[in-house]
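Q: Contents of target_20.pdb (PDB, C-alpha atoms, pLDDT in the B column) are given next:
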MODEL        1
ATOM      1  CA  MET A  25      54.672 -11.964  -4.797  1.00 39.00           C
ATOM      2  CA  SER A  26      54.946  -8.467  -6.196  1.00 44.00           C
ATOM      3  CA  ARG A  27      52.054  -6.053  -6.258  1.00 60.00           C
ATOM      4  CA  ILE A  28      50.855  -4.948  -9.639  1.00 75.00           C
ATOM      5  CA  ARG A  29      48.543  -2.124 -10.605  1.00 83.00           C
ATOM      6  CA  LEU A  30      45.670  -3.200 -12.774  1.00 90.00           C
ATOM      7  CA  ASN A  31      44.608  -0.550 -15.274  1.00 91.00           C
ATOM      8  CA  PRO A  32      40.783  -0.469 -15.279  1.00 92.00           C
ATOM      9  CA  CYS A  33      40.718   1.228 -18.679  1.00 91.00           C
ATOM     10  CA  LEU A  34      41.977  -1.922 -20.424  1.00 93.00           C
ATOM     11  CA  SER A  35      38.508  -3.475 -20.293  1.00 93.00           C
ATOM     12  CA  LYS A  36      35.957  -2.342 -22.863  1.00 94.00           C
ATOM     13  CA  ILE A  37      32.677  -1.394 -21.173  1.00 94.00           C
ATOM     14  CA  HIS A  38      30.441  -2.739 -23.965  1.00 95.00           C
ATOM     15  CA  ARG A  39      32.060  -6.169 -24.115  1.00 96.00           C
ATOM     16  CA  SER A  40      31.637  -9.382 -22.129  1.00 95.00           C
ATOM     17  CA  TYR A  41      34.721 -11.263 -20.926  1.00 96.00           C
ATOM     18  CA  SER A  42      35.233 -14.858 -19.900  1.00 95.00           C
ATOM     19  CA  VAL A  43      37.419 -15.722 -16.907  1.00 95.00           C
ATOM     20  CA  GLU A  44      40.286 -16.681 -19.198  1.00 96.00           C
ATOM     21  CA  GLU A  45      40.003 -13.443 -21.184  1.00 96.00           C
ATOM     22  CA  VAL A  46      40.089 -11.322 -18.010  1.00 96.00           C
ATOM     23  CA  ALA A  47      43.129 -13.241 -16.790  1.00 95.00           C
ATOM     24  CA  ARG A  48      44.913 -12.819 -20.121  1.00 95.00           C
ATOM     25  CA  LEU A  49      43.975  -9.125 -20.380  1.00 94.00           C
ATOM     26  CA  TYR A  50      45.473  -8.236 -16.986  1.00 94.00           C
ATOM     27  CA  GLY A  51      48.227 -10.861 -16.787  1.00 93.00           C
ATOM     28  CA  LEU A  52      46.614 -12.689 -13.864  1.00 93.00           C
ATOM     29  CA  HIS A  53      45.993 -16.322 -13.086  1.00 95.00           C
ATOM     30  CA  ARG A  54      42.525 -17.699 -13.849  1.00 95.00           C
ATOM     31  CA  ASN A  55      42.101 -18.704 -10.218  1.00 96.00           C
ATOM     32  CA  THR A  56      42.533 -15.076  -9.128  1.00 94.00           C
ATOM     33  CA  VAL A  57      39.579 -14.031 -11.272  1.00 95.00           C
ATOM     34  CA  ARG A  58      37.584 -17.046 -10.073  1.00 95.00           C
ATOM     35  CA  SER A  59      38.277 -16.140  -6.436  1.00 95.00           C
ATOM     36  CA  TRP A  60      36.968 -12.606  -7.105  1.00 95.00           C
ATOM     37  CA  LEU A  61      33.796 -14.198  -8.484  1.00 95.00           C
ATOM     38  CA  ASN A  62      33.459 -16.649  -5.561  1.00 94.00           C
ATOM     39  CA  GLU A  63      33.921 -13.859  -2.989  1.00 93.00           C
ATOM     40  CA  GLY A  64      31.104 -11.941  -4.642  1.00 91.00           C
ATOM     41  CA  SER A  65      33.217  -8.826  -5.136  1.00 90.00           C
ATOM     42  CA  LEU A  66      33.072  -9.306  -8.919  1.00 94.00           C
ATOM     43  CA  ALA A  67      29.658 -10.179 -10.354  1.00 93.00           C
ATOM     44  CA  ALA A  68      29.058 -12.509 -13.294  1.00 93.00           C
ATOM     45  CA  ILE A  69      26.311 -11.865 -15.846  1.00 92.00           C
ATOM     46  CA  ASP A  70      24.362 -15.006 -14.868  1.00 88.00           C
ATOM     47  CA  GLY A  71      24.958 -18.450 -13.385  1.00 83.00           C
ATOM     48  CA  GLY A  72      25.512 -20.122 -16.770  1.00 86.00           C
ATOM     49  CA  ARG A  73      28.609 -21.514 -18.379  1.00 89.00           C
ATOM     50  CA  PRO A  74      30.951 -20.115 -19.548  1.00 91.00           C
ATOM     51  CA  VAL A  75      31.131 -17.562 -16.762  1.00 94.00           C
ATOM     52  CA  LEU A  76      30.969 -14.102 -18.332  1.00 95.00           C
ATOM     53  CA  VAL A  77      31.661 -10.701 -16.812  1.00 96.00           C
ATOM     54  CA  GLN A  78      30.480  -7.418 -18.307  1.00 95.00           C
ATOM     55  CA  GLY A  79      33.270  -4.996 -19.122  1.00 95.00           C
ATOM     56  CA  LYS A  80      31.545  -2.144 -17.286  1.00 96.00           C
ATOM     57  CA  VAL A  81      31.217  -4.243 -14.105  1.00 96.00           C
ATOM     58  CA  LEU A  82      34.856  -5.316 -14.387  1.00 96.00           C
ATOM     59  CA  ARG A  83      35.999  -1.714 -14.807  1.00 96.00           C
ATOM     60  CA  THR A  84      34.028  -0.441 -11.784  1.00 95.00           C
ATOM     61  CA  PHE A  85      35.316  -3.372  -9.696  1.00 95.00           C
ATOM     62  CA  LEU A  86      38.950  -2.575 -10.556  1.00 95.00           C
ATOM     63  CA  GLU A  87      38.453   1.165  -9.990  1.00 94.00           C
ATOM     64  CA  ALA A  88      36.962   0.427  -6.552  1.00 93.00           C
ATOM     65  CA  ARG A  89      39.962  -1.788  -5.694  1.00 91.00           C
ATOM     66  CA  ARG A  90      42.349   0.952  -6.790  1.00 90.00           C
ATOM     67  CA  THR A  91      40.665   3.687  -4.735  1.00 89.00           C
ATOM     68  CA  ALA A  92      40.472   1.412  -1.680  1.00 88.00           C
ATOM     69  CA  ALA A  93      44.235   0.784  -1.885  1.00 82.00           C
ATOM     70  CA  LYS A  94      45.172   4.475  -1.928  1.00 80.00           C
ATOM     71  CA  ARG A  95      46.695   5.957   1.212  1.00 75.00           C
ATOM     72  CA  PRO A  96      46.635   9.752   1.018  1.00 81.00           C
ATOM     73  CA  CYS A  97      49.252  11.527   3.083  1.00 84.00           C
ATOM     74  CA  PRO A  98      47.958  14.047   5.608  1.00 89.00           C
ATOM     75  CA  THR A  99      49.867  17.282   6.107  1.00 89.00           C
ATOM     76  CA  GLY A 100      53.154  16.896   7.926  1.00 88.00           C
ATOM     77  CA  THR A 101      53.788  13.371   6.625  1.00 90.00           C
ATOM     78  CA  LEU A 102      55.507  11.634   3.739  1.00 90.00           C
ATOM     79  CA  TYR A 103      54.782   8.098   2.510  1.00 88.00           C
ATOM     80  CA  CYS A 104      57.229   5.442   3.677  1.00 89.00           C
ATOM     81  CA  PHE A 105      57.417   2.549   1.220  1.00 87.00           C
ATOM     82  CA  LYS A 106      59.015   0.232   3.763  1.00 91.00           C
ATOM     83  CA  CYS A 107      56.327   0.794   6.429  1.00 88.00           C
ATOM     84  CA  ARG A 108      53.589   1.307   3.802  1.00 85.00           C
ATOM     85  CA  GLU A 109      52.140   4.111   5.893  1.00 86.00           C
ATOM     86  CA  PRO A 110      52.340   7.912   5.957  1.00 89.00           C
ATOM     87  CA  ARG A 111      54.988   8.827   8.538  1.00 90.00           C
ATOM     88  CA  ALA A 112      56.432  11.990  10.027  1.00 90.00           C
ATOM     89  CA  PRO A 113      60.024  12.912   9.149  1.00 93.00           C
ATOM     90  CA  ALA A 114      62.642  11.874  11.701  1.00 91.00           C
ATOM     91  CA  LEU A 115      63.941  14.649  13.965  1.00 91.00           C
ATOM     92  CA  GLY A 116      61.513  17.098  12.319  1.00 89.00           C
ATOM     93  CA  MET A 117      63.869  17.725   9.386  1.00 91.00           C
ATOM     94  CA  ALA A 118      63.553  17.352   5.613  1.00 92.00           C
ATOM     95  CA  ASP A 119      65.398  18.402   2.451  1.00 91.00           C
ATOM     96  CA  PHE A 120      63.795  20.026  -0.595  1.00 90.00           C
ATOM     97  CA  MET A 121      65.585  19.673  -3.929  1.00 88.00           C
ATOM     98  CA  ALA A 122      64.124  22.036  -6.517  1.00 84.00           C
ATOM     99  CA  SER A 123      63.966  21.248 -10.205  1.00 80.00           C
ATOM    100  CA  ASN A 124      63.755  23.787 -12.990  1.00 74.00           C
ATOM    101  CA  THR A 125      59.940  23.581 -13.276  1.00 78.00           C
ATOM    102  CA  GLY A 126      59.084  25.294  -9.979  1.00 80.00           C
ATOM    103  CA  SER A 127      58.481  22.007  -8.226  1.00 86.00           C
ATOM    104  CA  GLY A 128      60.804  19.593  -6.511  1.00 88.00           C
ATOM    105  CA  ASN A 129      61.275  16.592  -4.260  1.00 89.00           C
ATOM    106  CA  ILE A 130      61.033  16.541  -0.496  1.00 90.00           C
ATOM    107  CA  ARG A 131      63.343  13.942   1.019  1.00 91.00           C
ATOM    108  CA  ALA A 132      63.390  12.870   4.662  1.00 92.00           C
ATOM    109  CA  LEU A 133      64.100   9.883   6.871  1.00 93.00           C
ATOM    110  CA  CYS A 134      61.271   7.804   8.319  1.00 92.00           C
ATOM    111  CA  ASP A 135      60.771   8.279  12.048  1.00 88.00           C
ATOM    112  CA  VAL A 136      60.033   4.555  12.566  1.00 91.00           C
ATOM    113  CA  CYS A 137      62.272   2.513  10.249  1.00 91.00           C
ATOM    114  CA  GLY A 138      64.892   5.080   9.141  1.00 89.00           C
ATOM    115  CA  SER A 139      64.441   4.556   5.391  1.00 92.00           C
ATOM    116  CA  THR A 140      64.367   7.464   2.948  1.00 91.00           C
ATOM    117  CA  MET A 141      60.949   8.917   2.103  1.00 92.00           C
ATOM    118  CA  HIS A 142      60.134  11.118  -0.890  1.00 88.00           C
ATOM    119  CA  ARG A 143      57.283  13.420  -1.852  1.00 88.00           C
ATOM    120  CA  ARG A 144      56.893  15.609  -4.924  1.00 88.00           C
ATOM    121  CA  THR A 145      55.454  19.094  -4.433  1.00 89.00           C
ATOM    122  CA  ARG A 146      55.538  22.667  -5.673  1.00 88.00           C
ATOM    123  CA  PHE A 147      58.037  25.120  -4.216  1.00 86.00           C
ATOM    124  CA  GLU A 148      55.251  27.394  -2.926  1.00 88.00           C
ATOM    125  CA  ALA A 149      53.460  24.519  -1.165  1.00 87.00           C
ATOM    126  CA  VAL A 150      56.380  23.243   0.926  1.00 88.00           C
ATOM    127  CA  ALA A 151      55.291  25.154   4.046  1.00 88.00           C
ATOM    128  CA  ALA A 152      51.715  23.882   3.690  1.00 89.00           C
ATOM    129  CA  VAL A 153      52.759  20.265   3.104  1.00 88.00           C
ATOM    130  CA  LEU A 154      55.166  20.109   6.063  1.00 90.00           C
ATOM    131  CA  PRO A 155      54.049  22.644   8.695  1.00 90.00           C
ATOM    132  CA  GLY A 156      56.298  22.796  11.740  1.00 87.00           C
ATOM    133  CA  ILE A 157      59.050  20.792  10.010  1.00 88.00           C
ATOM    134  CA  GLU A 158      62.459  22.334   9.396  1.00 88.00           C
ATOM    135  CA  VAL A 159      62.948  22.158   5.625  1.00 87.00           C
ATOM    136  CA  ARG A 160      66.417  22.741   4.200  1.00 87.00           C
ATOM    137  CA  PHE A 161      66.563  23.847   0.563  1.00 86.00           C
ATOM    138  CA  VAL A 162      69.308  21.909  -1.216  1.00 81.00           C
ATOM    139  CA  GLU A 163      70.658  22.348  -4.718  1.00 78.00           C
ATOM    140  CA  ALA A 164      70.127  19.229  -6.815  1.00 66.00           C
ATOM    141  CA  ALA A 165      73.175  17.199  -7.802  1.00 67.00           C
ATOM    142  CA  PRO A 166      74.353  17.919 -11.350  1.00 66.00           C
ATOM    143  CA  ARG A 167      73.495  15.390 -14.004  1.00 67.00           C
ATOM    144  CA  ILE A 168      76.033  13.714 -16.237  1.00 67.00           C
ATOM    145  CA  ALA A 169      74.873  15.705 -19.280  1.00 65.00           C
ATOM    146  CA  GLU A 170      75.312  18.994 -17.391  1.00 59.00           C
ATOM    147  CA  GLY A 171      79.082  18.587 -17.107  1.00 59.00           C
ATOM    148  CA  THR A 172      81.561  20.934 -18.697  1.00 66.00           C
ATOM    149  CA  ALA A 173      82.131  20.529 -22.401  1.00 67.00           C
ATOM    150  CA  PRO A 174      85.377  18.698 -23.282  1.00 67.00           C
ATOM    151  CA  SER A 175      88.146  20.632 -24.901  1.00 67.00           C
ATOM    152  CA  LEU A 176      88.418  20.341 -28.664  1.00 71.00           C
ATOM    153  CA  LYS A 177      92.186  20.877 -28.568  1.00 72.00           C
ATOM    154  CA  CYS A 178      94.006  17.576 -28.472  1.00 68.00           C
ATOM    155  CA  ALA A 179      97.444  19.019 -27.823  1.00 59.00           C
TER     156      ALA A 179
ENDMDL
END
Please express what this file holds, its structure, as structure tokens.
A:
Amino acid sequence: MSRIRLNPCLSKIHRSYSVEEVARLYGLHRNTVRSWLNEGSLAAIDGGRPVLVQGKVLRTFLEARRTAAKRPCPTGTLYCFKCREPRAPALGMADFMASNTGSGNIRALCDVCGSTMHRRTRFEAVAAVLPGIEVRFVEAAPRIAEGTAPSLKCA
């Protein structure tokens, strides 16, 4: 099953939602919302039927889930999507491809699984993000639209 990000701002804080409305609002199954209620992580208004959840409580619950799922990268690491952990670059090497806005992408191989890791940062902050790592500055590959203009002479 794929992971989805639930946007807490979809729920109105001054409105009450039933289980079915919460499920429809976030594209979840009703049993998912019911399991949140049974676990006690999401609180209902009272013990009556239909089960209602305040929008403000729902929003704070989803914001807490989102912040608990975040994994900030410490300095010297990039996030590996395959390992789902911050990892150090393999062999202590990384590539930085600058864009025209003064920022760019750091690209390196994971030290554990060997997959490609990426991290977006400013040009000035590369040394602070990856201290002690050999960073090679690479020119970005040209885009299709940046090719040479075709000749207008058909001869």
Q: Would you list the contacts of segment 109-119 of chain A as a VMD selection string, taking every protein, DNA or RNA residue within 8 Å and counting only C-alpha atoms, but skipping same-chain residues closer than 6 positions in sequence?
A: chain A and resid 95 to 98 100 to 103 130 to 136 138 156 to 162
Q: Dump C-alpha atoms for the selected residues as an mmCIF file, in the coordinates of the input?
A:
data_model
loop_
_atom_site.group_PDB
_atom_site.id
_atom_site.type_symbol
_atom_site.label_atom_id
_atom_site.label_comp_id
_atom_site.auth_asym_id
_atom_site.auth_seq_id
_atom_site.Cartn_x
_atom_site.Cartn_y
_atom_site.Cartn_z
ATOM 1 C CA ARG A 95 46.695 5.957 1.212
ATOM 2 C CA PRO A 96 46.635 9.752 1.018
ATOM 3 C CA CYS A 97 49.252 11.527 3.083
ATOM 4 C CA PRO A 98 47.958 14.047 5.608
ATOM 5 C CA GLY A 100 53.154 16.896 7.926
ATOM 6 C CA THR A 101 53.788 13.371 6.625
ATOM 7 C CA LEU A 102 55.507 11.634 3.739
ATOM 8 C CA TYR A 103 54.782 8.098 2.510
ATOM 9 C CA ILE A 130 61.033 16.541 -0.496
ATOM 10 C CA ARG A 131 63.343 13.942 1.019
ATOM 11 C CA ALA A 132 63.390 12.870 4.662
ATOM 12 C CA LEU A 133 64.100 9.883 6.871
ATOM 13 C CA CYS A 134 61.271 7.804 8.319
ATOM 14 C CA ASP A 135 60.771 8.279 12.048
ATOM 15 C CA VAL A 136 60.033 4.555 12.566
ATOM 16 C CA GLY A 138 64.892 5.080 9.141
ATOM 17 C CA GLY A 156 56.298 22.796 11.740
ATOM 18 C CA ILE A 157 59.050 20.792 10.010
ATOM 19 C CA GLU A 158 62.459 22.334 9.396
ATOM 20 C CA VAL A 159 62.948 22.158 5.625
ATOM 21 C CA ARG A 160 66.417 22.741 4.200
ATOM 22 C CA PHE A 161 66.563 23.847 0.563
ATOM 23 C CA VAL A 162 69.308 21.909 -1.216
#
Q: Taking the file as I've supplied it (selection: the PyMOL selection byres ((chain A and resi 123) around 12)), which residues are included? Please answer as a ChimeraX atom specification.
A: /A:120-122,124-130,144-147,161-167
Q: Which residue, A:Leu61, A:Cys107, A:Cys33, A:Ala47, has the smallest gap to Arg83 of chain A when you use only C-alpha atoms?
A: A:Cys33
Q: How far is it from atom CA of Phe105 of chain A to atom CA of Met141 of chain A, in Å with one decimal?
A: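 Between these atoms lies a distance of 7.3 Å.
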Q: Given the choices A:Ala88, A:Leu66, A:Val153, A:Val57, which gets closest to Asn31 of chain A if the distance is worked out from only C-alpha atoms?
A: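 Of all the options, A:Ala88 lies closest to Asn31 of chain A.
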Q: Please, what distance in Å, to one decimal, runs between atom CA of Thr84 of chain A and atom CA of Leu34 of chain A?
A: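 Separation between atom CA of Thr84 of chain A and atom CA of Leu34 of chain A: 11.8 Å.
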Q: For Ser65 of chain A, which residue out of A:Phe85, A:Ala149, A:Thr99, A:Tyr50 is the nearest one, using only C-alpha atoms?
A: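 Of A:Phe85, A:Ala149, A:Thr99, A:Tyr50, the one nearest Ser65 of chain A is A:Phe85, counting only C-alpha atoms.
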Q: Taking all atoms listed in the file into account, which of A:Val75, A:Cys104, A:Ile69, A:Ile28 comes nearest Arg90 of chain A?
A: A:Ile28
Q: At what distance in Å, to one decimal, does atom CA of Gly79 of chain A lie from atom CA of His38 of chain A?
A: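 Taking atom CA of His38 of chain A as the start and atom CA of Gly79 of chain A as the end point, the length is 6.0 Å.
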Q: I'd like the neighbourhood of Leu82 of chain A as a PyMOL selection string, where a residue qualifies if any of its atoms comes within 9 Å (using all atoms listed in the file), though same-chain residues fewer than 3 positions away should be ignored.
A: chain A and resi 32+35+37+41+46+66-67+77-79+85-87
